[in-house]
Amino acid sequence: MSRPTYFLSDLHVRAPDDARTAHVLRFLAARRGEAEAVFLVGDLFDFWLGYRSVLFAAYFPLLRALAELVESGTRVVVFSGNHDPDPGGFLPTLGVEVATGPRAVEVQGRTVWIEHGDVLDPRGALRRAICRAARHPLAHRVARAVHPDLAWGLSRLYARAHVEDYAETLHPALTGDYFAARVAAGADVVVLGHYHRAVVHRVDSPAGERALFCLGDWVAQRTFLRAADGRFELLRDRGPDRAPVALPQGDHGPPPTDD
C-alpha cells in the first residue's frame, strides 16, 4: 500500500520564532518517513528571492525541514507563488523539486492538476497583471540587484503595513468554467492555492467523481489536502494532540476560534 501524499499552500513562513512557523515545522516533521510526497503549492515563504549566493537566515529552520523530508525518502515539490515567484537555484541542491508553473502529476491513481492560481485570478485584470509581472525573469534580475538586507527589510515593512485581501468566497469562475476546462483536459482532481479559502467541490460524472480543492492557508486555517487509499480529503490541522478534522463539501473560511 502506498504512503499518503500531502498538498499545502500559502504557509507564508516568515520569522523562525513565529507561531505560524512552529506549526508548519511540526507538521513537516511529522511527515518524515510517513509521506510519499509533499506538494507545497506556492507562497511557502512570505517573501523569497532566489539570490545566487546568499540565503535569508530567517528561513534556515524551514530549509532544514525540507532537506530532512527529502532525506527521509519523501518527494518534496515547491511551486512558486506571488510571494515567492523566483525560487532560484538553492532548493534543488536540497533535493527539492521546483515548479515555476502548473503541473499535472499522478497521485493515488488519479491525474492531479496543480497550480498556485495567482496568474488566473478571476477577481480582476490588475491582480493577474501584477502576478505575471512578478514572475517575469527580468523582474527577478532587477530584484536580485537589490542588497539582500535591504530587500528583507523592505519586505518586513510591507508585511507590517499590508492587510491581505482574502476572498470572502471562492470566485464562481473557478468552480465553473475553469474547473470544467481542466476536467475536459483530463484532470481527475484540481488543486489550487492563493485564495486563502478552503474549498471542497466534488462533482459526479459518468467517468467517476471529479474534484476541485482550494487549499486554504496556514495563516488562519491550517488546512491541507491528504491523498490516501485513493481518497482525497481536505483536512484542518488541530495540533499534535488532536486528530485533524475533515472539511465537507463547500467553501470554508477561517474557523471562528483557534480550532
# chains A, B, ... in the order shown; residues from 1 in each chain; ligands from 1
call {"tool": "residues_around", "arguments": {"residues": "Glu209 in chain A", "least_positions_apart": "3", "cutoff": "12 Å", "atoms": "only C-alpha atoms", "output": "number ranges by chain"}}
result
A: 110, 183, 187-190, 201-206, 212, 230-232
call {"tool": "select_by_dssp", "arguments": {"residues": "range 27-234 of chain A", "states": "helix (DSSP H, G or I)", "output": "PyMOL selection string"}}
result
chain A and resi 27-31+57-71+90-93+118-120+125-134+137-144+148-161+172-184
call {"tool": "closest_residue", "arguments": {"among": "A:His194, A:Val77, A:Ser155, A:Leu235", "to": "Val219 in chain A", "atoms": "only C-alpha atoms"}}
result
A:His194
call {"tool": "closest_residue", "arguments": {"among": "A:Tyr178, A:Phe27, A:Phe47, A:Phe60", "to": "Tyr158 in chain A", "atoms": "only C-alpha atoms"}}
result
A:Phe47
call {"tool": "select_by_dssp", "arguments": {"residues": "range 57-196 of chain A", "states": "strand (DSSP E or B)", "output": "MDAnalysis selection string"}}
result
chainID A and resid 75:79 86 97:99 103:107 110:115 189:192
call {"tool": "write_last_selection", "arguments": {"atoms": "C-alpha atoms", "output": "mmCIF file, in the first residue's frame"}}
result
data_model
loop_
_atom_site.group_PDB
_atom_site.id
_atom_site.type_symbol
_atom_site.label_atom_id
_atom_site.label_comp_id
_atom_site.auth_asym_id
_atom_site.auth_seq_id
_atom_site.Cartn_x
_atom_site.Cartn_y
_atom_site.Cartn_z
ATOM 1 C CA ARG A 75 9.410 13.630 -2.506
ATOM 2 C CA VAL A 76 9.135 17.405 -1.962
ATOM 3 C CA VAL A 77 7.879 19.740 -4.698
ATOM 4 C CA VAL A 78 7.769 23.515 -4.192
ATOM 5 C CA PHE A 79 5.641 25.616 -6.544
ATOM 6 C CA ASP A 86 11.710 33.338 -8.100
ATOM 7 C CA GLU A 97 11.876 19.810 -6.956
ATOM 8 C CA VAL A 98 10.832 23.279 -8.129
ATOM 9 C CA ALA A 99 7.812 24.021 -10.324
ATOM 10 C CA ARG A 103 1.970 20.726 -13.331
ATOM 11 C CA ALA A 104 -0.039 17.531 -13.848
ATOM 12 C CA VAL A 105 1.010 14.590 -11.663
ATOM 13 C CA GLU A 106 -0.268 11.097 -10.958
ATOM 14 C CA VAL A 107 -1.274 10.582 -7.316
ATOM 15 C CA ARG A 110 -5.615 9.932 -10.246
ATOM 16 C CA THR A 111 -4.454 12.692 -12.580
ATOM 17 C CA VAL A 112 -3.988 15.811 -10.438
ATOM 18 C CA TRP A 113 -3.628 19.285 -11.923
ATOM 19 C CA ILE A 114 -1.745 21.620 -9.547
ATOM 20 C CA GLU A 115 -1.178 25.364 -9.749
ATOM 21 C CA VAL A 189 -8.504 16.353 -9.316
ATOM 22 C CA VAL A 190 -7.677 20.077 -9.482
ATOM 23 C CA VAL A 191 -5.632 21.687 -6.680
ATOM 24 C CA LEU A 192 -5.322 25.450 -6.186
#
call {"tool": "closest_residue", "arguments": {"among": "A:Arg182, A:Ala173, A:Pro255, A:Gln221", "to": "Leu8 in chain A", "atoms": "only C-alpha atoms"}}
result
A:Gln221
call {"tool": "residues_around", "arguments": {"residues": "Val146 in chain A", "least_positions_apart": "5", "cutoff": "12 Å", "atoms": "only C-alpha atoms", "output": "list in words"}}
result
Leu49, Gly50, Tyr51, Ala139, His140, Arg141, Ala151, Trp152, Gly153, Leu154 and Ser155 of chain A
call {"tool": "residues_around", "arguments": {"residues": "Arg238 in chain A", "least_positions_apart": "3", "cutoff": "10 Å", "atoms": "only C-alpha atoms", "output": "VMD selection string"}}
result
chain A and resid 23 221 to 223 235 241 to 245 258 to 259
